[in-house]
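Notes for the one structure printed next.
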Amino acid sequence: MDENKDLKQRNQQEQDEFEKNQVIMSPGQLVAKRFFRNKLACVGLAIIIIMALFCIIGPIISPYGEYEIFYIDMETGQEYRMQDQGLGAATMGVNVKAPISSAHWLGTDADGRDVLTRLMYGGRISLTVGFVVVAIELIIGVILGGIAGYYGGAIDMFIMRMVEVFYCLPFVPLMLILSSMFLGYGISPRYKIYFIMIVMGVLYWAGVARNVRAQILSLREMEYMQAAEATGIKTWRKIFKHLIPNTVPIIILMATMDVGGVILTESVLSFLGVGISWPYASWGNMANTVTQSVILKNYPNIWAPPGLLILLTVLAFNFIGDGMRDAFDPRMKR
């Protein structure tokens with residue numbers, strides 16, 4: 001009997017010590033732990049950090065400006081630089097497509113501008129467009145989706161019909177029309193960037209609204225919402241303090257997946273000539289030079305780097321999105 005009693009005491013002590021050593025983790029810490037266990041998600045996060053540093057810090061330490069033009073004197077072989085905001089050196093009849101060298105790690109483009117420096121400035125615009133468009137679509141989509149899911153009835157019907165209308169809009173033809181309007185009204189390329197971000201954000205909110213509405217339709221029947229109803233709090237507090245915060249996982253997932261898609265869409269628009277306009281650089285309009293057969297065959301240093309950066313950035317955001325989806329899934333055991 002004494003031996004059994006001692007054994008039970010030892011087992012209880014071991015159990016108490018084991019429970020004491022267990023770290024109690026918050027839901028956020030559990031999500032972070034599951035996310036960082038996903039190797040591809042970590043790789044994607046590292047790529048995005050490197051891209052951000054490349055685009056933010058790179059232009060600061062670059063010895064060249066965004067609009068500096070380099071040309072080579074055909075007689076002496078001497079390279080010269082000059083500031084240009086106008087037509088570009090390609091129209092001056094000088095040799096501007098310098099090869100890869102210690103002075104220009106990726107050479108210069110058809111306008112005589114350093115390709116590496118243009119990649120830095122182009123990345124700023126491409127990443128900014130991605131984040132701003134996603135922010136706009138989330139604001140519109142979350143608000144309208146939350147209202148539709150909470151109220152239901154005629155309000156839900158009206159908002160969902162709006163969603164269907166926006167789903168049916170042909171995006172590329174619409175952007176072609178808007179680009180022609182910008183050109184016709186003489187809107188400068190600088191302000192065209194802002195218009196493109198606003199238009200893309202307004203056109204992309206429908207998917208966010210539909211997903212948020214679906215989440216709120218199930219959340220509003222939960223017990224805590226019935227308790228909130230009993231307290232008599234205001235409707236806007238129930239929507240924006242209780243319902244929408246519980247849709248944060250799906251919102252984060254949509255944001256990470258959509259950023260890569262928006263960057264790719266902007267690149268396609270710029271490649272087609274209806275996106276970011278010259279003289280401003282984006283990865284899309286830098287890759288547009290591949291349409292010239294001479295550059296395609298003889299100057300891969302001009303068109304290959306922006307294409308590679310687009311590929312890596314979009315893949316990185318997709319990896320992060322997959323990692324976030326698994327991290328927020330409570331059924332994931334690892």
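Chain labels A, B, ... are given in the sequence in which chains occur in the structure tokens; within each chain residues are numbered consecutively from 1, and ligands are likewise numbered from 1 in the order shown.
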What's the 12 Å shell around A:Pro300, counting only C-alpha atoms, without same-chain residues fewer than 4 positions away, as a list in words?
Lys97, Pro99, Ile100, Leu106, Gly107, Thr108, Asp109, Val115, Met286, Ala287, Thr289, Val290, Thr291, Gln292, Ser293, Val294, Ile295, Leu296, Ala304, Pro305, Pro306, Gly307 and Leu308 of chain A
All residues 10 Å or closer to A:Ser179, only C-alpha atoms, same chain fewer than 5 positions away omitted, as a PyMOL selection string:
chain A and resi 173-174+184-185+187+192+195-196+273-277
Include N, CA and C atoms and write out the residues we just selected as a PDB file, in the first residue's frame.
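Ended up saving to out_10.pdb:
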```pdb
ATOM      1  N   PRO A 173     -10.769  45.617 -71.158  1.00  0.00           N
ATOM      2  CA  PRO A 173     -11.368  46.633 -72.053  1.00  0.00           C
ATOM      3  C   PRO A 173     -11.707  47.938 -71.330  1.00  0.00           C
ATOM      4  N   LEU A 174     -12.149  47.831 -70.069  1.00  0.00           N
ATOM      5  CA  LEU A 174     -12.457  49.036 -69.306  1.00  0.00           C
ATOM      6  C   LEU A 174     -11.198  49.871 -69.069  1.00  0.00           C
ATOM      7  N   GLY A 184      -6.629  61.448 -73.675  1.00  0.00           N
ATOM      8  CA  GLY A 184      -7.393  62.504 -74.328  1.00  0.00           C
ATOM      9  C   GLY A 184      -7.503  63.760 -73.493  1.00  0.00           C
ATOM     10  N   TYR A 185      -7.631  63.612 -72.173  1.00  0.00           N
ATOM     11  CA  TYR A 185      -7.743  64.772 -71.292  1.00  0.00           C
ATOM     12  C   TYR A 185      -6.380  65.315 -70.853  1.00  0.00           C
ATOM     13  N   ILE A 187      -4.015  63.977 -68.938  1.00  0.00           N
ATOM     14  CA  ILE A 187      -3.612  63.717 -67.560  1.00  0.00           C
ATOM     15  C   ILE A 187      -2.165  63.238 -67.549  1.00  0.00           C
ATOM     16  N   LYS A 192      -1.753  59.731 -63.371  1.00  0.00           N
ATOM     17  CA  LYS A 192      -2.359  58.511 -63.912  1.00  0.00           C
ATOM     18  C   LYS A 192      -2.128  57.331 -62.978  1.00  0.00           C
ATOM     19  N   PHE A 195      -4.858  57.405 -60.390  1.00  0.00           N
ATOM     20  CA  PHE A 195      -6.139  57.003 -60.975  1.00  0.00           C
ATOM     21  C   PHE A 195      -6.195  55.485 -61.167  1.00  0.00           C
ATOM     22  N   ILE A 196      -5.096  54.900 -61.614  1.00  0.00           N
ATOM     23  CA  ILE A 196      -5.066  53.446 -61.830  1.00  0.00           C
ATOM     24  C   ILE A 196      -5.282  52.709 -60.511  1.00  0.00           C
ATOM     25  N   GLY A 273       0.737  48.647 -72.250  1.00  0.00           N
ATOM     26  CA  GLY A 273       0.813  50.071 -72.525  1.00  0.00           C
ATOM     27  C   GLY A 273      -0.323  50.892 -71.961  1.00  0.00           C
ATOM     28  N   VAL A 274      -1.175  50.299 -71.108  1.00  0.00           N
ATOM     29  CA  VAL A 274      -2.300  51.041 -70.532  1.00  0.00           C
ATOM     30  C   VAL A 274      -2.156  51.207 -69.020  1.00  0.00           C
ATOM     31  N   GLY A 275      -0.998  50.869 -68.498  1.00  0.00           N
ATOM     32  CA  GLY A 275      -0.775  50.983 -67.064  1.00  0.00           C
ATOM     33  C   GLY A 275       0.094  52.191 -66.744  1.00  0.00           C
ATOM     34  N   ILE A 276       1.177  51.960 -66.005  1.00  0.00           N
ATOM     35  CA  ILE A 276       2.106  53.030 -65.646  1.00  0.00           C
ATOM     36  C   ILE A 276       2.811  53.516 -66.905  1.00  0.00           C
ATOM     37  N   SER A 277       2.804  54.830 -67.110  1.00  0.00           N
ATOM     38  CA  SER A 277       3.318  55.402 -68.352  1.00  0.00           C
ATOM     39  C   SER A 277       4.740  55.932 -68.184  1.00  0.00           C
TER      40      SER A 277
END
```
In stretch 190-309 of chain A, what's alpha helix (DSSP H) per DSSP? Answer as a ChimeraX atom specification?
/A:190-203,205-219,223-231,235-237,248-272,283-287,293-298,300-309
Output C-alpha atoms for every residue in the selection just made, as a PDB file, in the first residue's frame.
```
ATOM      1  CA  ARG A 190       2.249  61.026 -62.448  1.00  0.00           C
ATOM      2  CA  TYR A 191      -1.463  61.452 -61.700  1.00  0.00           C
ATOM      3  CA  LYS A 192      -2.359  58.511 -63.912  1.00  0.00           C
ATOM      4  CA  ILE A 193      -0.698  56.254 -61.332  1.00  0.00           C
ATOM      5  CA  TYR A 194      -3.155  57.420 -58.662  1.00  0.00           C
ATOM      6  CA  PHE A 195      -6.139  57.003 -60.975  1.00  0.00           C
ATOM      7  CA  ILE A 196      -5.066  53.446 -61.830  1.00  0.00           C
ATOM      8  CA  MET A 197      -4.807  52.516 -58.147  1.00  0.00           C
ATOM      9  CA  ILE A 198      -8.234  53.966 -57.347  1.00  0.00           C
ATOM     10  CA  VAL A 199      -9.911  52.315 -60.353  1.00  0.00           C
ATOM     11  CA  MET A 200      -8.384  48.900 -59.624  1.00  0.00           C
ATOM     12  CA  GLY A 201      -9.352  49.129 -55.955  1.00  0.00           C
ATOM     13  CA  VAL A 202     -12.930  50.077 -56.786  1.00  0.00           C
ATOM     14  CA  LEU A 203     -13.251  47.250 -59.319  1.00  0.00           C
ATOM     15  CA  TRP A 205     -13.883  44.909 -53.901  1.00  0.00           C
ATOM     16  CA  ALA A 206     -16.611  42.467 -54.960  1.00  0.00           C
ATOM     17  CA  GLY A 207     -14.740  39.277 -54.020  1.00  0.00           C
ATOM     18  CA  VAL A 208     -13.869  40.649 -50.579  1.00  0.00           C
ATOM     19  CA  ALA A 209     -17.486  41.654 -49.907  1.00  0.00           C
ATOM     20  CA  ARG A 210     -18.792  38.211 -50.877  1.00  0.00           C
ATOM     21  CA  ASN A 211     -16.353  36.367 -48.577  1.00  0.00           C
ATOM     22  CA  VAL A 212     -16.904  38.714 -45.621  1.00  0.00           C
ATOM     23  CA  ARG A 213     -20.690  38.425 -46.029  1.00  0.00           C
ATOM     24  CA  ALA A 214     -20.479  34.623 -45.992  1.00  0.00           C
ATOM     25  CA  GLN A 215     -18.485  34.704 -42.753  1.00  0.00           C
ATOM     26  CA  ILE A 216     -20.824  37.167 -41.034  1.00  0.00           C
ATOM     27  CA  LEU A 217     -23.926  35.176 -42.000  1.00  0.00           C
ATOM     28  CA  SER A 218     -22.626  32.347 -39.809  1.00  0.00           C
ATOM     29  CA  LEU A 219     -21.140  34.537 -37.068  1.00  0.00           C
ATOM     30  CA  GLU A 223     -24.230  32.853 -28.789  1.00  0.00           C
ATOM     31  CA  TYR A 224     -22.017  35.865 -28.148  1.00  0.00           C
ATOM     32  CA  MET A 225     -23.960  37.845 -30.753  1.00  0.00           C
ATOM     33  CA  GLN A 226     -27.221  36.923 -29.047  1.00  0.00           C
ATOM     34  CA  ALA A 227     -25.716  38.223 -25.811  1.00  0.00           C
ATOM     35  CA  ALA A 228     -24.679  41.424 -27.597  1.00  0.00           C
ATOM     36  CA  GLU A 229     -28.246  41.804 -28.873  1.00  0.00           C
ATOM     37  CA  ALA A 230     -29.532  41.474 -25.300  1.00  0.00           C
ATOM     38  CA  THR A 231     -27.276  44.275 -24.080  1.00  0.00           C
ATOM     39  CA  THR A 235     -25.782  48.226 -34.620  1.00  0.00           C
ATOM     40  CA  TRP A 236     -22.528  49.702 -35.891  1.00  0.00           C
ATOM     41  CA  ARG A 237     -20.749  48.456 -32.750  1.00  0.00           C
ATOM     42  CA  VAL A 248      -9.785  38.991 -39.650  1.00  0.00           C
ATOM     43  CA  PRO A 249      -8.268  35.584 -40.605  1.00  0.00           C
ATOM     44  CA  ILE A 250     -10.109  35.467 -43.932  1.00  0.00           C
ATOM     45  CA  ILE A 251      -9.340  39.166 -44.526  1.00  0.00           C
ATOM     46  CA  ILE A 252      -5.608  38.618 -43.948  1.00  0.00           C
ATOM     47  CA  LEU A 253      -5.661  35.600 -46.240  1.00  0.00           C
ATOM     48  CA  MET A 254      -7.417  37.534 -49.031  1.00  0.00           C
ATOM     49  CA  ALA A 255      -5.019  40.472 -48.631  1.00  0.00           C
ATOM     50  CA  THR A 256      -1.867  38.354 -48.949  1.00  0.00           C
ATOM     51  CA  MET A 257      -3.233  36.466 -51.943  1.00  0.00           C
ATOM     52  CA  ASP A 258      -4.533  39.604 -53.672  1.00  0.00           C
ATOM     53  CA  VAL A 259      -1.335  41.661 -53.409  1.00  0.00           C
ATOM     54  CA  GLY A 260       0.496  39.267 -55.725  1.00  0.00           C
ATOM     55  CA  GLY A 261      -2.441  39.203 -58.120  1.00  0.00           C
ATOM     56  CA  VAL A 262      -2.658  43.004 -58.248  1.00  0.00           C
ATOM     57  CA  ILE A 263       1.080  43.336 -58.921  1.00  0.00           C
ATOM     58  CA  LEU A 264       0.751  40.825 -61.748  1.00  0.00           C
ATOM     59  CA  THR A 265      -2.310  42.651 -63.142  1.00  0.00           C
ATOM     60  CA  GLU A 266      -0.527  46.014 -63.033  1.00  0.00           C
ATOM     61  CA  SER A 267       2.438  44.426 -64.802  1.00  0.00           C
ATOM     62  CA  VAL A 268       0.155  43.086 -67.523  1.00  0.00           C
ATOM     63  CA  LEU A 269      -1.512  46.488 -67.964  1.00  0.00           C
ATOM     64  CA  SER A 270       1.855  48.249 -68.133  1.00  0.00           C
ATOM     65  CA  PHE A 271       3.113  45.593 -70.559  1.00  0.00           C
ATOM     66  CA  LEU A 272       0.107  46.347 -72.780  1.00  0.00           C
ATOM     67  CA  TRP A 283       8.338  46.218 -63.603  1.00  0.00           C
ATOM     68  CA  GLY A 284       5.557  45.771 -66.145  1.00  0.00           C
ATOM     69  CA  ASN A 285       6.490  48.598 -68.509  1.00  0.00           C
ATOM     70  CA  MET A 286      10.184  47.679 -68.180  1.00  0.00           C
ATOM     71  CA  ALA A 287       9.337  44.165 -69.383  1.00  0.00           C
ATOM     72  CA  SER A 293      12.791  41.998 -81.553  1.00  0.00           C
ATOM     73  CA  VAL A 294      16.233  43.603 -81.362  1.00  0.00           C
ATOM     74  CA  ILE A 295      16.076  43.859 -77.574  1.00  0.00           C
ATOM     75  CA  LEU A 296      14.532  40.396 -77.257  1.00  0.00           C
ATOM     76  CA  LYS A 297      17.424  38.784 -79.140  1.00  0.00           C
ATOM     77  CA  ASN A 298      20.415  40.892 -78.156  1.00  0.00           C
ATOM     78  CA  PRO A 300      18.164  40.064 -72.283  1.00  0.00           C
ATOM     79  CA  ASN A 301      19.693  42.194 -69.514  1.00  0.00           C
ATOM     80  CA  ILE A 302      16.969  44.783 -70.229  1.00  0.00           C
ATOM     81  CA  TRP A 303      13.808  42.628 -70.170  1.00  0.00           C
ATOM     82  CA  ALA A 304      14.743  39.523 -68.135  1.00  0.00           C
ATOM     83  CA  PRO A 305      15.389  41.175 -64.705  1.00  0.00           C
ATOM     84  CA  PRO A 306      11.940  42.835 -64.359  1.00  0.00           C
ATOM     85  CA  GLY A 307      10.236  39.620 -65.471  1.00  0.00           C
ATOM     86  CA  LEU A 308      12.205  37.657 -62.883  1.00  0.00           C
ATOM     87  CA  LEU A 309      11.317  40.139 -60.115  1.00  0.00           C
TER      88      LEU A 309
END
```
Which one is closest to A:Ser126: A:Ala281, A:Phe240, A:Ala316, A:Leu178? Count only C-alpha atoms.
A:Ala281
Strand (DSSP E) call set, DSSP backbone run, stretch 44-230 of chain A, as a PyMOL selection string:
chain A and resi 68-72+79-83
What lies within 7 Å of A:Leu116 using only C-alpha atoms, ignoring chain neighbours under 2 positions off, as a compact mmCIF listing (two decimals) with C-alpha atoms, in the first residue's frame?
```txt
# COMPACT_ATOMS: atom_id res chain seq x y z
CA TRP A 105 25.65 45.87 -63.29
CA LEU A 106 22.66 45.24 -65.58
CA ASP A 114 20.69 52.32 -65.65
CA ARG A 118 15.17 51.65 -62.78
CA LEU A 119 14.32 48.26 -61.22
CA MET A 120 14.55 49.84 -57.78
```
